[in-house]
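Undergrad: File follows, work03.txt with compact mmCIF, C-alpha atoms and all ligand atoms:
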# COMPACT_ATOMS: atom_id res chain seq x y z
CA MET A 64 10.87 -36.48 3.51
CA ALA A 65 13.11 -36.78 0.48
CA ALA A 66 10.06 -36.22 -1.77
CA ASP A 67 9.65 -32.74 -0.18
CA LYS A 68 13.01 -31.76 -1.64
CA GLU A 69 12.04 -32.73 -5.20
CA ILE A 70 12.86 -29.84 -7.55
CA ILE A 71 9.76 -28.47 -9.30
CA VAL A 72 11.42 -25.78 -11.39
CA SER A 73 14.84 -24.23 -11.69
CA GLU A 74 15.38 -20.56 -12.51
CA GLU A 75 18.37 -18.35 -13.20
CA LEU A 76 18.68 -14.91 -11.61
CA ILE A 77 21.36 -12.26 -11.34
CA CYS A 78 21.65 -10.85 -7.85
CA ILE A 79 21.56 -7.05 -8.06
CA THR A 80 22.25 -6.43 -4.39
CA CYS A 81 25.89 -5.50 -5.03
CA PRO A 82 28.11 -4.87 -8.09
CA LEU A 83 29.46 -8.44 -8.16
CA GLY A 84 26.20 -9.56 -9.78
CA CYS A 85 26.35 -13.24 -8.85
CA HIS A 86 24.55 -15.60 -11.23
CA LEU A 87 22.12 -17.46 -9.03
CA THR A 88 20.46 -20.78 -9.72
CA VAL A 89 17.23 -21.10 -7.77
CA ASP A 90 15.56 -24.48 -7.43
CA ARG A 91 11.92 -24.31 -6.32
CA GLN A 92 11.22 -27.43 -4.31
CA ALA A 93 8.05 -29.42 -3.72
CA ASP A 94 7.65 -27.99 -0.21
CA GLY A 95 7.65 -24.44 -1.65
CA SER A 96 11.10 -23.55 -0.39
CA LEU A 97 13.87 -22.21 -2.60
CA ALA A 98 17.38 -23.65 -2.78
CA VAL A 99 19.84 -21.01 -3.96
CA THR A 100 23.32 -21.66 -5.33
CA GLY A 101 25.85 -19.41 -7.03
CA ASN A 102 25.67 -16.72 -4.34
CA ARG A 103 28.89 -15.49 -2.80
CA CYS A 104 27.17 -14.26 0.35
CA PRO A 105 23.89 -14.73 2.27
CA ARG A 106 22.36 -11.63 0.73
CA GLY A 107 21.96 -13.57 -2.50
CA VAL A 108 19.62 -16.02 -0.78
CA LYS A 109 17.59 -13.13 0.65
CA TYR A 110 17.45 -11.45 -2.77
CA ALA A 111 16.28 -14.64 -4.54
CA ASN A 112 13.57 -15.28 -1.95
CA GLU A 113 12.26 -11.72 -2.13
CA GLU A 114 12.42 -11.58 -5.93
CA LEU A 115 10.65 -14.88 -6.52
CA LEU A 116 8.24 -15.00 -3.55
CA ALA A 117 7.42 -11.33 -2.81
CA PRO A 118 8.95 -9.02 -5.43
CA ARG A 119 8.97 -5.28 -4.75
CA ARG A 120 10.01 -2.28 -6.81
CA VAL A 121 10.95 1.32 -6.13
CA VAL A 122 8.64 3.37 -8.35
CA SER A 123 9.88 6.44 -10.20
CA ALA A 124 7.53 8.51 -12.36
CA THR A 125 6.40 12.06 -13.03
CA ALA A 126 3.32 13.86 -11.76
CA ALA A 127 1.29 16.58 -13.47
CA LEU A 128 1.29 20.11 -12.13
CA ALA A 129 -1.99 21.73 -11.08
CA GLY A 130 -3.70 23.61 -13.88
CA GLY A 131 -1.10 22.45 -16.35
CA ALA A 132 1.27 25.01 -14.84
CA ALA A 133 4.83 25.20 -16.05
CA CYS A 134 7.71 25.76 -13.71
CA LYS A 135 8.83 29.41 -13.59
CA GLU A 136 12.48 28.55 -13.13
CA ASN A 137 14.83 29.54 -15.90
CA ARG A 138 18.06 27.69 -15.25
CA GLY A 139 19.68 26.06 -18.22
CA GLY A 140 16.48 25.86 -20.20
CA LEU A 141 14.57 24.04 -17.46
CA CYS A 142 11.77 26.62 -17.43
CA ASP A 143 9.58 24.40 -19.55
CA VAL A 144 9.29 21.65 -16.95
CA VAL A 145 5.62 20.67 -16.90
CA ARG A 146 5.79 17.49 -14.83
CA LEU A 147 7.36 16.86 -11.47
CA PRO A 148 9.68 13.87 -11.00
CA VAL A 149 8.62 11.71 -8.06
CA ARG A 150 9.54 8.39 -6.50
CA SER A 151 8.38 6.02 -3.80
CA THR A 152 10.24 6.18 -0.50
CA ALA A 153 10.69 2.40 -0.49
CA ALA A 154 10.10 -0.60 -2.70
CA TYR A 155 6.38 -1.35 -3.20
CA PRO A 156 4.92 -4.85 -3.85
CA LYS A 157 5.23 -5.47 -7.60
CA PRO A 158 1.60 -6.60 -8.14
CA GLY A 159 0.41 -3.18 -6.92
CA VAL A 160 2.82 -1.02 -8.89
CA LEU A 161 0.29 -0.15 -11.64
CA GLU A 162 -2.22 0.94 -8.99
CA LEU A 163 0.44 3.15 -7.40
CA LEU A 164 1.28 4.61 -10.82
CA ASP A 165 -2.43 5.38 -11.37
CA ALA A 166 -2.45 7.33 -8.09
CA ILE A 167 0.68 9.23 -9.14
CA TYR A 168 -0.78 10.06 -12.55
CA ALA A 169 -3.96 11.34 -10.89
CA LEU A 170 -1.98 13.90 -8.88
CA ARG A 171 -2.13 17.62 -9.74
CA VAL A 172 0.70 19.13 -7.76
CA GLU A 173 0.42 22.75 -6.62
CA LEU A 174 3.60 24.82 -6.89
CA PRO A 175 5.84 25.61 -5.17
CA VAL A 176 7.01 22.15 -4.16
CA GLN A 177 10.18 21.23 -2.30
CA ARG A 178 12.31 18.18 -2.92
CA GLY A 179 11.21 15.56 -0.40
CA ASP A 180 7.65 16.88 -0.03
CA VAL A 181 5.24 13.99 0.54
CA LEU A 182 2.66 13.88 -2.25
CA ILE A 183 1.03 10.55 -1.35
CA LYS A 184 1.20 9.41 2.28
CA ASP A 185 1.22 5.73 3.29
CA PHE A 186 -0.25 4.41 0.03
CA LYS A 187 -2.85 1.72 0.81
CA GLY A 188 -1.46 1.43 4.33
CA SER A 189 1.83 0.10 3.00
CA GLY A 190 4.01 2.61 4.81
CA VAL A 191 5.30 3.71 1.40
CA ASP A 192 5.05 7.41 0.55
CA VAL A 193 5.52 9.15 -2.79
CA ILE A 194 7.78 12.19 -2.64
CA ALA A 195 8.97 14.94 -4.97
CA THR A 196 12.54 14.41 -6.14
CA ARG A 197 13.19 18.03 -7.07
CA SER A 198 12.04 21.47 -6.06
CA LEU A 199 9.93 23.55 -8.42
CA LYS A 200 8.46 27.02 -8.04
S1 LIG B 301 25.18 -12.82 -3.64
FE1 LIG B 301 26.27 -11.39 -2.32
S2 LIG B 301 28.21 -11.05 -3.40
FE2 LIG B 301 26.81 -11.94 -4.90
S3 LIG B 301 25.87 -10.17 -5.94
FE3 LIG B 301 24.51 -10.79 -4.25
S4 LIG B 301 25.13 -9.45 -2.55
FE4 LIG B 301 26.80 -9.43 -4.05
Could you write out this structure as structure tokens?
Ligand code: SF4

TA:
Amino acid sequence: MAADKEIIVSEELICITCPLGCHLTVDRQADGSLAVTGNRCPRGVKYANEELLAPRRVVSATAALAGGAACKENRGGLCDVVRLPVRSTAAYPKPGVLELLDAIYALRVELPVQRGDVLIKDFKGSGVDVIATRSLK
């Protein structure tokens, strides 16, 4: 049993769950489990496990407008907006982020659009949507 707890590799991480930013040391053990030290609360263990075993990212990007349209607003020089800022509604598995970005870049958004409008629904059955983060008309 002791052999199962042999450390294969040790990594350093900074927990970004809260502003304290604990410096974590994560030992990957022979049985595949992670031993986390340096955390000041249990959320650090959860963060290290998610980051090293199943990392996810919230995706922010911009989408093209249909027909290369420019926004007709004229507030503070924003009338030249030609792309719509968007983001995912939740963190998406990191290995699939480029595929999600490809789908966002393939969009041609018709105006008007309201902040919060869903532009991509349930991408690849993940439950993650892509929404507009501002209104344009
Ligand atoms: S381990 Fe806990 S206290 Fe430390 S940064 Fe993460 S959430 Fe904050």

Undergrad: So which one's closest to Cys81 (chain A), A:Asn112, A:Ser96, A:Asn102, A:Ser189? Using only C-alpha atoms, please.

TA: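 Checking each candidate against Cys81 (chain A), we get A:Asn102 as the closest.
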
Undergrad: Hey, which residues sit close to ligand LIG 301 (chain B)? Say within 8 Å, counting only C-alpha atoms and all ligand atoms, and write them as a list of chain:residue names.

TA: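 Sorted by chain and then by number, the residues are A:Ile77, A:Cys78, A:Ile79, A:Thr80, A:Cys81, A:Pro82, A:Leu83, A:Gly84, A:Cys85, A:His86, A:Leu87, A:Gly101, A:Asn102, A:Arg103, A:Cys104, A:Pro105, A:Arg106, A:Gly107, A:Val108, A:Tyr110.
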
Undergrad: Pick the closest to Asp192 (chain A) from A:Val149, A:Ala129, A:Ala93, A:Leu115: which is it, counting all atoms listed in the file?

TA: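 When distances to Asp192 (chain A) are compared using all atoms listed in the file, the smallest one comes from A:Val149.
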
Undergrad: Could you work out how far CA of Val181 (chain A) lies from CA of Ala127 (chain A), giving the answer in Å with one decimal?

TA: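 Taking CA of Ala127 (chain A) and CA of Val181 (chain A), their separation equals 14.8 Å.
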
Undergrad: Need to verify the contact set: Leu97 (chain A), 12 Å, all atoms listed in the file, exclusion of same-chain residues closer than 2 positions in sequence. Can you return it as a ChimeraX atom specification?

TA: /A:67-74,87-95,99-100,107-116

Undergrad: Counting all atoms listed in the file, figure out which residue out of A:Leu182, A:Ala117, A:Val122, A:Val145 gets nearest to Leu163 (chain A).

TA: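 The closest residue to Leu163 (chain A) is A:Val122.
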